[in-house]
Amino acid sequence: MNRRLLWDIVKFAVIAAVFAVLYKTGKIDFDTLWLATASPWLVFIAALFIFIAVVFTVERWRRLLWAVDVHIGFRAAFNLTLIGMFFSIALPGAVGGDIVKAYYLSKGQSQRAALVTTVIFDRLLGLYTMIVMGTFAGAAVWAYVWFSGSPPQWWSGGVQALIGFIFALFAGFTAGGALFMSDSMSRTRFMKKLMEVVPFREKTEKIYSSIRRFGNNISLALTAFGISFFSQFFLYGSIWILAVALELNELTAAQFLFVIPVCLLINAIPAAPGGLGVGEIGFGAVFSLFGYGKGVELAVIYHAVSITISILLGGAIYLIHSRKEGGMVTLKRLEDEREEISS
């Protein structure tokens, strides 16, 4: 049996096991999920907010492409992004969504490594934005407890450790990004020695050179970062609307703004398509730290809405695009592309 196919089977078996355990232990309340059907207009607005967040991420990626002197129209970038989302959900084991975007964009281009780097950097920028949002919200929660005089019941060691971990992530990502995007750092003896011993030296040097381009264009990088913030606000708004639909109204604004970035960071762990299973565990655990339930149900309804958007819109765009590419034979090309990039 193909090793990758076996790994995909294992992943889906783990996802099924996670949901089975959540169901058996009563962590998923179907009566709570049923509440969403009583407010279909809220679910629709949440879906609209997720779509707007995607639109902002498309523009963020376009700005990052400018750093490597690649200019594509918004429609083309939008199509590539939706196709990537479709593949990430529908065929997670065959080709990842990021590889799909890189494949279609790099065809006929000479600076292939630079184009692939923009896709990776775009993903990292999204993660960094979540970390920044979580850091600010964590600081607000900490300040609230400090000035309130008496710690609330939910101010446990677990919450404090989680806030400390987010602060550490912020410090690490910020320091690492500053170092690797610094042009002066690239001229140091340490970095030159490092480039001599890293595996796949030629490809690594090309990717590192592409990363420095973002550092050399600070205004463009900051613009992309600002766009990423707008995207996150709409994404958080969609989750808040879904929380309202599920009648999850116990969290304060500061708590919610801290909890959601942390939950989405856990959801972003690439262990399962769309964060299925991982997100449910993460949402449930983080919400329980504050003494509240319904975190698992919120993750389920969020996944249902976002995956539906990815499959319906992304799938429709891919089917239209695949006709121009000669049909589903494109899948074989994408598989070959993944092997070449990962080797």
# chains A, B, ... in the order shown; residues from 1 in each chain; ligands from 1

call {"tool": "residues_around", "arguments": {"residues": "region 32-48 of chain A", "least_positions_apart": "5", "cutoff": "10 Å", "atoms": "only C-alpha atoms", "output": "list in words"}}
result
Ala53, Val54, Phe234, Leu235, Tyr236, Gly237, Ser238, Ile239, Trp240, Ile241, Leu242, Ala243, Val244, Ala245, Leu246, Glu247, Leu248, Lys294, Val296, Glu297, Leu298, Val300, Ile301, Tyr302, Ala304, Val305, Ser306, Thr308 and Ile309 of chain A

call {"tool": "write_last_selection", "arguments": {"atoms": "N, CA and C atoms", "output": "CSV table (one decimal), in the first residue's frame"}}
result
chain,number,residue,atom,x,y,z
A,53,ALA,N,-13.2,37.4,5.1
A,53,ALA,CA,-11.9,37.2,5.6
A,53,ALA,C,-11.0,36.6,4.6
A,54,VAL,N,-11.5,35.7,3.8
A,54,VAL,CA,-10.8,35.0,2.7
A,54,VAL,C,-10.4,36.1,1.6
A,234,PHE,N,-12.6,39.9,10.8
A,234,PHE,CA,-13.8,39.3,10.2
A,234,PHE,C,-13.9,37.8,10.6
A,235,LEU,N,-12.8,37.1,10.7
A,235,LEU,CA,-12.8,35.7,11.1
A,235,LEU,C,-13.3,35.6,12.5
A,236,TYR,N,-12.8,36.5,13.4
A,236,TYR,CA,-13.3,36.4,14.8
A,236,TYR,C,-14.8,36.8,14.9
A,237,GLY,N,-15.1,37.8,14.0
A,237,GLY,CA,-16.5,38.2,14.0
A,237,GLY,C,-17.4,37.0,13.6
A,238,SER,N,-17.0,36.2,12.7
A,238,SER,CA,-17.8,35.1,12.2
A,238,SER,C,-18.0,34.1,13.4
A,239,ILE,N,-16.9,33.8,14.1
A,239,ILE,CA,-17.0,32.9,15.2
A,239,ILE,C,-17.8,33.4,16.4
A,240,TRP,N,-17.8,34.7,16.6
A,240,TRP,CA,-18.6,35.3,17.6
A,240,TRP,C,-20.1,35.2,17.2
A,241,ILE,N,-20.4,35.4,16.0
A,241,ILE,CA,-21.8,35.3,15.5
A,241,ILE,C,-22.3,33.8,15.7
A,242,LEU,N,-21.4,32.9,15.4
A,242,LEU,CA,-21.8,31.5,15.6
A,242,LEU,C,-21.9,31.2,17.1
A,243,ALA,N,-21.1,31.8,17.9
A,243,ALA,CA,-21.3,31.6,19.3
A,243,ALA,C,-22.7,32.2,19.8
A,244,VAL,N,-23.1,33.3,19.2
A,244,VAL,CA,-24.4,33.9,19.5
A,244,VAL,C,-25.5,32.9,19.1
A,245,ALA,N,-25.3,32.3,17.9
A,245,ALA,CA,-26.3,31.3,17.4
A,245,ALA,C,-26.4,30.1,18.4
A,246,LEU,N,-25.3,29.7,19.0
A,246,LEU,CA,-25.3,28.6,19.9
A,246,LEU,C,-25.6,29.0,21.4
A,247,GLU,N,-26.0,30.3,21.5
A,247,GLU,CA,-26.3,30.9,22.8
A,247,GLU,C,-25.1,30.7,23.8
A,248,LEU,N,-23.9,30.9,23.3
A,248,LEU,CA,-22.7,30.9,24.1
A,248,LEU,C,-22.3,32.3,24.4
A,294,LYS,N,-19.4,24.3,25.6
A,294,LYS,CA,-19.8,24.6,24.2
A,294,LYS,C,-18.7,25.0,23.3
A,296,VAL,N,-16.5,22.8,22.1
A,296,VAL,CA,-16.5,21.8,21.1
A,296,VAL,C,-17.6,22.0,20.0
A,297,GLU,N,-18.8,22.4,20.5
A,297,GLU,CA,-19.9,22.6,19.5
A,297,GLU,C,-19.6,23.8,18.7
A,298,LEU,N,-18.9,24.8,19.2
A,298,LEU,CA,-18.6,26.0,18.4
A,298,LEU,C,-17.6,25.6,17.3
A,300,VAL,N,-17.3,22.7,15.9
A,300,VAL,CA,-18.0,21.9,15.0
A,300,VAL,C,-18.8,22.7,14.0
A,301,ILE,N,-19.5,23.7,14.5
A,301,ILE,CA,-20.3,24.6,13.6
A,301,ILE,C,-19.4,25.5,12.7
A,302,TYR,N,-18.3,25.9,13.3
A,302,TYR,CA,-17.3,26.7,12.5
A,302,TYR,C,-16.7,25.9,11.4
A,304,ALA,N,-18.1,23.3,10.0
A,304,ALA,CA,-19.1,23.0,9.0
A,304,ALA,C,-19.3,24.1,8.0
A,305,VAL,N,-19.3,25.3,8.5
A,305,VAL,CA,-19.5,26.5,7.7
A,305,VAL,C,-18.3,26.7,6.8
A,306,SER,N,-17.1,26.7,7.3
A,306,SER,CA,-15.9,27.0,6.6
A,306,SER,C,-15.6,25.9,5.5
A,308,THR,N,-17.8,24.0,4.1
A,308,THR,CA,-18.8,24.1,3.1
A,308,THR,C,-18.4,25.2,2.1
A,309,ILE,N,-17.9,26.3,2.6
A,309,ILE,CA,-17.5,27.3,1.7
A,309,ILE,C,-16.3,26.8,0.8

call {"tool": "residues_around", "arguments": {"residues": "Phe74 (chain A)", "least_positions_apart": "2", "cutoff": "8 Å", "atoms": "only C-alpha atoms", "output": "list in words"}}
result
Val58, Glu59, Arg62, Ile72, Ala76, Ala77 and Phe78 of chain A

call {"tool": "closest_residue", "arguments": {"among": "A:Tyr128, A:Ala272, A:Phe229, A:Gly138", "to": "Phe12 (chain A)", "atoms": "only C-alpha atoms"}}
result
A:Ala272

call {"tool": "residues_around", "arguments": {"residues": "Ile269 (chain A)", "least_positions_apart": "6", "cutoff": "12 Å", "atoms": "only C-alpha atoms", "output": "PDB file with N, CA and C atoms, in the first residue's frame"}}
result
ATOM      1  N   ARG A 123       1.197  32.119   4.858  1.00  0.00           N
ATOM      2  CA  ARG A 123       0.664  31.282   5.938  1.00  0.00           C
ATOM      3  C   ARG A 123       1.256  31.691   7.292  1.00  0.00           C
ATOM      4  N   LEU A 127      -0.492  33.189  10.817  1.00  0.00           N
ATOM      5  CA  LEU A 127      -0.263  32.641  12.153  1.00  0.00           C
ATOM      6  C   LEU A 127       0.269  33.714  13.094  1.00  0.00           C
ATOM      7  N   VAL A 262      -6.208  31.838  20.262  1.00  0.00           N
ATOM      8  CA  VAL A 262      -5.556  30.621  20.764  1.00  0.00           C
ATOM      9  C   VAL A 262      -6.195  29.378  20.148  1.00  0.00           C
ATOM     10  N   CYS A 263      -7.524  29.355  20.102  1.00  0.00           N
ATOM     11  CA  CYS A 263      -8.226  28.217  19.507  1.00  0.00           C
ATOM     12  C   CYS A 263      -7.877  28.051  18.028  1.00  0.00           C
ATOM     13  N   GLY A 275      -8.380  21.280  10.228  1.00  0.00           N
ATOM     14  CA  GLY A 275      -8.331  21.288  11.684  1.00  0.00           C
ATOM     15  C   GLY A 275      -9.358  20.388  12.338  1.00  0.00           C
ATOM     16  N   LEU A 276      -9.993  19.510  11.563  1.00  0.00           N
ATOM     17  CA  LEU A 276     -11.018  18.615  12.114  1.00  0.00           C
ATOM     18  C   LEU A 276     -10.447  17.759  13.244  1.00  0.00           C
ATOM     19  N   GLY A 277     -11.164  17.660  14.311  1.00  0.00           N
ATOM     20  CA  GLY A 277     -10.706  16.887  15.456  1.00  0.00           C
ATOM     21  C   GLY A 277      -9.780  17.687  16.338  1.00  0.00           C
ATOM     22  N   VAL A 278      -8.710  18.201  15.755  1.00  0.00           N
ATOM     23  CA  VAL A 278      -7.756  19.022  16.498  1.00  0.00           C
ATOM     24  C   VAL A 278      -8.434  20.284  17.015  1.00  0.00           C
ATOM     25  N   GLY A 279      -9.202  20.944  16.141  1.00  0.00           N
ATOM     26  CA  GLY A 279      -9.901  22.164  16.540  1.00  0.00           C
ATOM     27  C   GLY A 279     -10.927  21.894  17.626  1.00  0.00           C
ATOM     28  N   ILE A 281     -10.896  19.556  19.921  1.00  0.00           N
ATOM     29  CA  ILE A 281     -10.188  19.349  21.188  1.00  0.00           C
ATOM     30  C   ILE A 281      -9.666  20.679  21.720  1.00  0.00           C
ATOM     31  N   GLY A 282      -9.080  21.483  20.830  1.00  0.00           N
ATOM     32  CA  GLY A 282      -8.517  22.763  21.240  1.00  0.00           C
ATOM     33  C   GLY A 282      -9.564  23.728  21.761  1.00  0.00           C
TER      34      GLY A 282
END

call {"tool": "closest_residue", "arguments": {"among": "A:Gly215, A:Gly126, A:Gly26, A:Pro152", "to": "Trp61 (chain A)", "atoms": "only C-alpha atoms"}}
result
A:Gly126

call {"tool": "closest_residue", "arguments": {"among": "A:Pro273, A:Val116, A:His303, A:Gly172", "to": "Ser88 (chain A)", "atoms": "only C-alpha atoms"}}
result
A:Pro273
